[in-house]
2 protein chains.
Amino acid sequence: MLDSLKSLLPGKVSTTPADLEAHGKDESYPLQRPPLAVVYAENLTDVQATLAWARENRVPVIPFGAGTSLEGQLIPQGPALSLDLSRMNRILQIAPEDFLAVVEPGVTRKALNEALKGTGLFFPVDPGADASLGGMAATNASGTTTVRYGGMRPNVLALQVVLASGEVLELGRAVRKTSAGYDLKDLFIGSEGTLGIITRLTLRLHPLPEHVHTLRVFFKNLEAAAQAAYSVMASGLPVARLELVDARGIAAINRYLERSYPERPALFVEFHSSSREALQAESRLALELMQGAGTLSVDAAQTQEERTAQWEARHQAYWALVNLYPGKAYLSTDTAVPISKMPALVAYASRLLGEMNLQGSILGHVGDGNFHTLVVFEPGEAKAEAFSERLVEHTLALGGTCTGEHGVGLRKKKFLPKEHGPALSWMRQIKGLFDPEGLLNPGKIFD
Amino acid sequence: MLDSLKSLLPGKVSTTPADLEAHGKDESYPLQRPPLAVVYAENLTDVQATLAWARENRVPVIPFGAGTSLEGQLIPQGPALSLDLSRMNRILQIAPEDFLAVVEPGVTRKALNEALKGTGLFFPVDPGADASLGGMAATNASGTTTVRYGGMRPNVLALQVVLASGEVLELGRAVRKTSAGYDLKDLFIGSEGTLGIITRLTLRLHPLPEHVHTLRVFFKNLEAAAQAAYSVMASGLPVARLELVDARGIAAINRYLERSYPERPALFVEFHSSSREALQAESRLALELMQGAGTLSVDAAQTQEERTAQWEARHQAYWALVNLYPGKAYLSTDTAVPISKMPALVAYASRLLGEMNLQGSILGHVGDGNFHTLVVFEPGEAKAEAFSERLVEHTLALGGTCTGEHGVGLRKKKFLPKEHGPALSWMRQIKGLFDPEGLLNPGKIFD
Ligand SMILES: Cc1cc2nc3c(=O)[nH]c(=O)nc-3n(C[C@H](O)[C@H](O)[C@H](O)COP(=O)(O)OP(=O)(O)OC[C@H]3O[C@@H](n4cnc5c(N)ncnc54)[C@H](O)[C@@H]3O)c2cc1C
Ligand SMILES: Cc1cc2nc3c(=O)[nH]c(=O)nc-3n(C[C@H](O)[C@H](O)[C@H](O)COP(=O)(O)OP(=O)(O)OC[C@H]3O[C@@H](n4cnc5c(N)ncnc54)[C@H](O)[C@@H]3O)c2cc1C
């Protein structure tokens, strides 16, 4: 059967054990299962050819970006092809005069920002991994700057997608506003490869801030840090980044990256401003508010290198923690609540780790009310999953969501009936409309 | 037939000529057609009862907010009920600690901001009319502050909707981020009453800016004003409002509101900032950029009253213009393009008015690349429609959209095949999924 695929796409189909293994897992989900084959698409025609073959042979297709997702989005649930888009990595257009870039889906966020050097512009969405922009749209990713610049939805203006049938749609327009009919662009953002394959993205760029102030603020305990983050948000200050890292996270960073940060719960904070005076006023006020919650010490980055080093540390926190516990398994929860509830949920998560006698670390985008509890456990042990269930239960009771940014994949499916009620069945019906044969990433988001 | 409706909803059904007339038109569309009856819903149960009756009697239902739409969204295309939601006007919750408000759909944007007085918060989306928040969500409205705070999508976090079947769905969550499944909330935003009735909205509020600077800048000609607006946007300055009013618009305002503004093309500009220094730096830079394009004079509002008066003038510009030409008909186009193309499109619209020998005025949210050309014509004359067609044709060729904010209604339907291509048929299929009997606002967006 695979021979016909190989002759359809010569040189683009791999069945090497290494390729199959790399495409049958993600960065966190405990189970793995190799796909039948990996297709390395190089253009739209390859994507359509793969889908034609898949329809004919009734083999599902799982789009694959950079493979950095965490909730099982990439794991085949039966025989399936992995459609790897990493070779579709051309930047098709950069239009600084319109703050726009047009890219293929395999371009990573770092590659795009590298290409933007010298334009004075940047693409803000920065998940902790160097994800592909197609994968980021497919999971509705966000990152440290989302509190200021928004996540993928406001920063993706248009998509080209290929449906299971091979039909090509252009969704959205390269404009800042449109009210011309139903918003299919945002329906495909966050659909995790279950509705169509994203083959091109039109992205909104932002001017690099002229003045930046970056702080690390350390607190006596986790509750104080969470409370301080809320105070800053409640003040309405235009914070650009506001990240929580707990003491264990800091300790892990110190070890992994050879830093010597105080091993206390910390907020990593940044302000972006068009004037130095504004910047000073904003950071002064933020500091006063944080001091009110009980700070121990404050470090301000003095140079661009120090700033880069600080955010590098934040982005590496996950790997630093994983590195602390070799041979263990990890589960990273991803709860988000209305911001006033965030300090209470952080406290709840911390208490619950203790109660359940689990090792873990709390870190995340607290300015958005979103944080992750990374739970460490013995492979096969059920306790971490039980922790996640109790935490999500509490999150939903507080009006929150079971996933702020990582998406549903396999792991969060069980929470959707409670989170969405009857709306879930309409999501299923939309899936049935666009992909009646269930060819695209089946078993993800819902069964 | 209507007797059964009246006995189902005693005291809530009107067939008075005045009510029928008021519900068979909008603020601009030239044709009118009274509905069979107007139902004044007071709660969710009334909405469901109306839909049950409509299903049984196969009579379509057209939701009605404040009736300020412009593209024919409210005009019955055959016998239909108007479902007026203006009595569902309770503010259910204001949660300043979470920057949230929960409202019924009939609450208007002004009523909400009135209720927010004293909280330090406001709801930013401000179409020129005192529209209902349900209607604003249904048309994906925006306004003068959208360039800074976004339109309805980022500012509506959750919706309660009732489908044609009477089923009630809760879409979205009261959180700043979620990746939990398909984005149905944004699908219903902008659906113009064709997918469901919005019965509750959870809105995102913003802190009132601590420092505000409001300017009126007058230019030697329209091209210079448009070019200046683009220069300000291209600089990346965090402008809060950036509106163009042409010389005829200013003259109309002077007459209608007894002002004495210089009768020249103007930009109405505002900056919002958390510090006075930032504000000064930003407005100084903006002024320098605008002077580079050729300003004639600049007025800065000195007091809150002056600021209010200036934005009142901008919001009344439509009525001021309509008032200039009693007995005439009006068509307000609503094009939006990538921002670098805006000056060229403004120049094109102005030239085309001249070429076609039409009276008109150009004004709009140029910071978003969106502006309106209000064309004045003799009732029945076809020239204005021809103008709109040529302008939209040019807009689409520049990568723009046929409607930045007013929506499709009846008037923009003909442009959607060109704007969306094959995606349009998928919008139709989604309509068919949610409303298989075509009960909700039939004939709008598509036939
Ligand atoms: C250390 C670490 C830190 C992280 N931090 C964050 C964070 O801060 N914020 C955040 O949001 N996430 C974070 N993540 C999760 C992950 O990076 C994001 O989910 C990211 O968006 C996945 O992109 P990807 O290219 O790796 O996609 P993949 O993992 O390859 O795929 C993810 C999903 O998208 C689908 N998909 C991929 N490409 C396409 C396409 N072209 N068309 C259609 N569907 C497609 C896949 O089928 C799959 O369902 C982190 C992960 C790690 C390992
Ligand atoms: C002077 C003037 C200036 C304007 N300026 C702007 C502007 O700056 N920006 C802008 O975006 N618009 C503007 N508009 C247009 C208009 O104000 C907006 O389209 C507004 O959002 C309409 O709200 P409404 O409550 O009046 O809705 P209506 O006109 O009553 O209805 C509009 C549409 O929404 C549907 N609808 C209404 N309520 C509901 C509900 N609860 N559930 C489901 N569907 C519903 C209706 O069926 C209809 O299709 C302007 C209009 C005027 C007259």
# chains A, B, ... in the order shown; residues from 1 in each chain; ligands from 1
>>> residues_near_ligand(ligand="ligand 2", cutoff="7 Å", atoms="only C-alpha atoms and all ligand atoms", output="PyMOL selection string")
chain B and resi 26-27+62-70+73-74+85+105-106+126-144+192-193+196-199+315-316+318-319+405-407+409+441
>>> select_by_dssp(residues="region 234-304 of chain B", states="helix (DSSP H, G or I)", output="JSON, numbers by chain")
{"B": [234, 247, 248, 249, 250, 251, 252, 253, 254, 255, 256, 257, 276, 277, 278, 279, 280, 281, 282, 283, 284, 285, 286, 287, 288, 289, 290, 291, 292, 293, 304]}
>>> interface_residues(of="chain A", to="chain B", cutoff="6 Å", atoms="only C-alpha atoms", output="ChimeraX atom specification")
/A:97-98,140,169,175-180,182-183,187,191,207,236,275,277-278,337-340,368,403-405,407-408,423
>>> write_last_selection(atoms="C-alpha atoms", output="compact mmCIF listing (two decimals), in the first residue's frame")
# COMPACT_ATOMS: atom_id res chain seq x y z
CA GLU A 97 4.64 48.96 5.49
CA ASP A 98 1.59 46.89 6.43
CA ASN A 140 -4.01 28.52 19.26
CA LEU A 169 -9.80 27.61 1.09
CA VAL A 175 -6.73 43.65 7.00
CA ARG A 176 -7.07 44.74 10.61
CA LYS A 177 -10.86 44.53 10.55
CA THR A 178 -13.50 42.74 8.55
CA SER A 179 -17.15 41.86 9.12
CA ALA A 180 -17.65 40.05 5.82
CA TYR A 182 -18.61 34.00 9.21
CA ASP A 183 -15.25 33.87 10.93
CA LEU A 187 -12.58 28.31 13.64
CA SER A 191 -8.59 23.03 15.58
CA PRO A 207 6.96 47.37 16.09
CA GLY A 236 -4.26 48.23 34.63
CA SER A 275 9.34 56.66 25.89
CA GLU A 277 9.81 58.37 31.04
CA ALA A 278 6.73 56.21 30.56
CA VAL A 337 -9.06 31.38 35.30
CA PRO A 338 -10.42 34.93 35.53
CA ILE A 339 -7.40 36.86 36.80
CA SER A 340 -8.70 37.63 40.29
CA ASP A 368 -3.33 36.10 31.68
CA THR A 403 -6.51 24.55 28.73
CA GLY A 404 -5.31 28.10 28.34
CA GLU A 405 -2.98 27.40 25.43
CA GLY A 407 -4.93 22.56 23.52
CA VAL A 408 -6.99 19.43 24.00
CA ALA A 423 -21.87 23.27 22.64
>>> residues_around(residues="region 3-19 of chain B", least_positions_apart="5", cutoff="8 Å", atoms="only C-alpha atoms", output="list in words")
Leu36, Ala37, Val38, Val39, Tyr40, Ala41, Asp46, Ala49, Thr50 and Trp53 of chain B
>>> closest_residue(among="A:Glu243, A:Glu437, A:Glu223, A:Glu258", to="ligand 1", atoms="only C-alpha atoms and all ligand atoms")
A:Glu243
>>> closest_residue(among="A:Arg307, A:His394, A:Arg33, A:His211", to="Ala347 (chain A)", atoms="only C-alpha atoms")
A:His394
>>> select_by_dssp(residues="region 174-376 of chain B", states="strand (DSSP E)", output="PyMOL selection string")
chain B and resi 197-204+206-207+211-219+239-245+266-273+295-300+329-332+335-336+359-364+370-376
>>> residues_around(residues="Pro35 (chain B)", least_positions_apart="5", cutoff="6 Å", atoms="only C-alpha atoms", output="VMD selection string")
chain B and resid 20 24 80 to 81
>>> residues_around(residues="region 349-352 of chain B", least_positions_apart="4", cutoff="9 Å", atoms="only C-alpha atoms", output="JSON, numbers by chain")
{"B": [222, 344, 345, 356, 357, 358, 360, 361, 362, 373, 387, 390, 391]}
>>> write_last_selection(atoms="C-alpha atoms", output="compact mmCIF listing (two decimals), in the first residue's frame")
# COMPACT_ATOMS: atom_id res chain seq x y z
CA LEU B 222 -7.54 65.01 1.91
CA ALA B 344 -4.36 55.47 -2.14
CA LEU B 345 -7.88 54.16 -1.57
CA MET B 356 -19.15 60.11 -11.25
CA ASN B 357 -20.40 63.54 -10.37
CA LEU B 358 -21.64 62.41 -6.96
CA GLY B 360 -20.25 62.54 -0.85
CA SER B 361 -18.07 62.64 2.18
CA ILE B 362 -15.18 60.47 3.30
CA THR B 373 -17.67 57.10 1.84
CA PHE B 387 -19.96 53.90 -7.05
CA ARG B 390 -16.36 50.25 -8.26
CA LEU B 391 -14.90 51.18 -4.87
>>> closest_residue(among="A:Ala101, A:Lys383, A:Val125, A:Leu163", to="Leu201 (chain A)", atoms="only C-alpha atoms")
A:Ala101
>>> residues_around(residues="Val107 (chain B)", least_positions_apart="3", cutoff="7 Å", atoms="only C-alpha atoms", output="ChimeraX atom specification")
/B:89-90,103-104,111-112,132-133
>>> write_last_selection(atoms="all heavy atoms", output="PDB file, in the first residue's frame")
ATOM      1  N   ASN B  89     -32.479  44.196  28.982  1.00  0.00           N
ATOM      2  CA  ASN B  89     -31.454  45.236  29.101  1.00  0.00           C
ATOM      3  C   ASN B  89     -30.896  45.343  30.510  1.00  0.00           C
ATOM      4  O   ASN B  89     -30.556  46.418  30.982  1.00  0.00           O
ATOM      5  CB  ASN B  89     -32.016  46.589  28.635  1.00  0.00           C
ATOM      6  CG  ASN B  89     -33.169  47.028  29.507  1.00  0.00           C
ATOM      7  OD1 ASN B  89     -33.615  46.276  30.381  1.00  0.00           O
ATOM      8  ND2 ASN B  89     -33.645  48.231  29.297  1.00  0.00           N
ATOM      9  N   ARG B  90     -30.802  44.183  31.174  1.00  0.00           N
ATOM     10  CA  ARG B  90     -30.223  44.215  32.518  1.00  0.00           C
ATOM     11  C   ARG B  90     -28.715  43.968  32.467  1.00  0.00           C
ATOM     12  O   ARG B  90     -28.245  43.138  31.701  1.00  0.00           O
ATOM     13  CB  ARG B  90     -30.880  43.146  33.400  1.00  0.00           C
ATOM     14  CG  ARG B  90     -32.307  43.526  33.806  1.00  0.00           C
ATOM     15  CD  ARG B  90     -32.926  42.421  34.617  1.00  0.00           C
ATOM     16  NE  ARG B  90     -32.803  41.152  33.913  1.00  0.00           N
ATOM     17  CZ  ARG B  90     -32.937  39.960  34.486  1.00  0.00           C
ATOM     18  NH1 ARG B  90     -33.196  39.876  35.775  1.00  0.00           N
ATOM     19  NH2 ARG B  90     -32.817  38.847  33.779  1.00  0.00           N
ATOM     20  N   VAL B 103     -23.855  41.000  30.596  1.00  0.00           N
ATOM     21  CA  VAL B 103     -25.035  41.804  30.258  1.00  0.00           C
ATOM     22  C   VAL B 103     -26.011  41.031  29.393  1.00  0.00           C
ATOM     23  O   VAL B 103     -25.647  40.084  28.702  1.00  0.00           O
ATOM     24  CB  VAL B 103     -24.639  43.095  29.496  1.00  0.00           C
ATOM     25  CG1 VAL B 103     -23.662  43.945  30.295  1.00  0.00           C
ATOM     26  CG2 VAL B 103     -24.053  42.768  28.117  1.00  0.00           C
ATOM     27  N   GLU B 104     -27.250  41.491  29.445  1.00  0.00           N
ATOM     28  CA  GLU B 104     -28.236  41.015  28.476  1.00  0.00           C
ATOM     29  C   GLU B 104     -28.011  41.754  27.147  1.00  0.00           C
ATOM     30  O   GLU B 104     -27.402  42.825  27.130  1.00  0.00           O
ATOM     31  CB  GLU B 104     -29.640  41.238  29.027  1.00  0.00           C
ATOM     32  CG  GLU B 104     -29.949  40.312  30.213  1.00  0.00           C
ATOM     33  CD  GLU B 104     -31.397  40.406  30.687  1.00  0.00           C
ATOM     34  OE1 GLU B 104     -32.014  41.491  30.548  1.00  0.00           O
ATOM     35  OE2 GLU B 104     -31.912  39.400  31.201  1.00  0.00           O
ATOM     36  N   ALA B 111     -25.307  52.774  27.896  1.00  0.00           N
ATOM     37  CA  ALA B 111     -25.871  52.369  29.193  1.00  0.00           C
ATOM     38  C   ALA B 111     -24.828  51.598  29.995  1.00  0.00           C
ATOM     39  O   ALA B 111     -24.697  51.792  31.214  1.00  0.00           O
ATOM     40  CB  ALA B 111     -27.123  51.517  28.975  1.00  0.00           C
ATOM     41  N   LEU B 112     -24.081  50.751  29.328  1.00  0.00           N
ATOM     42  CA  LEU B 112     -23.055  50.000  30.043  1.00  0.00           C
ATOM     43  C   LEU B 112     -22.001  50.943  30.600  1.00  0.00           C
ATOM     44  O   LEU B 112     -21.638  50.867  31.788  1.00  0.00           O
ATOM     45  CB  LEU B 112     -22.405  48.957  29.119  1.00  0.00           C
ATOM     46  CG  LEU B 112     -21.221  48.195  29.737  1.00  0.00           C
ATOM     47  CD1 LEU B 112     -21.629  47.433  30.997  1.00  0.00           C
ATOM     48  CD2 LEU B 112     -20.585  47.244  28.724  1.00  0.00           C
ATOM     49  N   SER B 132     -27.018  48.326  20.555  1.00  0.00           N
ATOM     50  CA  SER B 132     -27.111  47.340  21.632  1.00  0.00           C
ATOM     51  C   SER B 132     -25.886  46.437  21.562  1.00  0.00           C
ATOM     52  O   SER B 132     -25.324  46.197  20.479  1.00  0.00           O
ATOM     53  CB  SER B 132     -28.382  46.502  21.462  1.00  0.00           C
ATOM     54  OG  SER B 132     -28.233  45.563  20.401  1.00  0.00           O
ATOM     55  N   LEU B 133     -25.496  45.909  22.725  1.00  0.00           N
ATOM     56  CA  LEU B 133     -24.301  45.058  22.733  1.00  0.00           C
ATOM     57  C   LEU B 133     -24.559  43.750  21.988  1.00  0.00           C
ATOM     58  O   LEU B 133     -23.656  43.209  21.345  1.00  0.00           O
ATOM     59  CB  LEU B 133     -23.837  44.849  24.168  1.00  0.00           C
ATOM     60  CG  LEU B 133     -23.247  46.168  24.718  1.00  0.00           C
ATOM     61  CD1 LEU B 133     -23.355  46.237  26.237  1.00  0.00           C
ATOM     62  CD2 LEU B 133     -21.804  46.358  24.280  1.00  0.00           C
TER      63      LEU B 133
END
>>> closest_residue(among="B:Thr45, B:Gln310, B:Ser388, B:Ser297", to="Val162 (chain B)", atoms="only C-alpha atoms")
B:Thr45
>>> closest_residue(among="A:Phe377, A:Phe122, A:Tyr29, A:Tyr325", to="ligand 1", atoms="only C-alpha atoms and all ligand atoms")
A:Tyr29
>>> closest_residue(among="A:Met152, A:Val232, A:Ala52, A:Leu31", to="ligand 1", atoms="only C-alpha atoms and all ligand atoms")
A:Met152
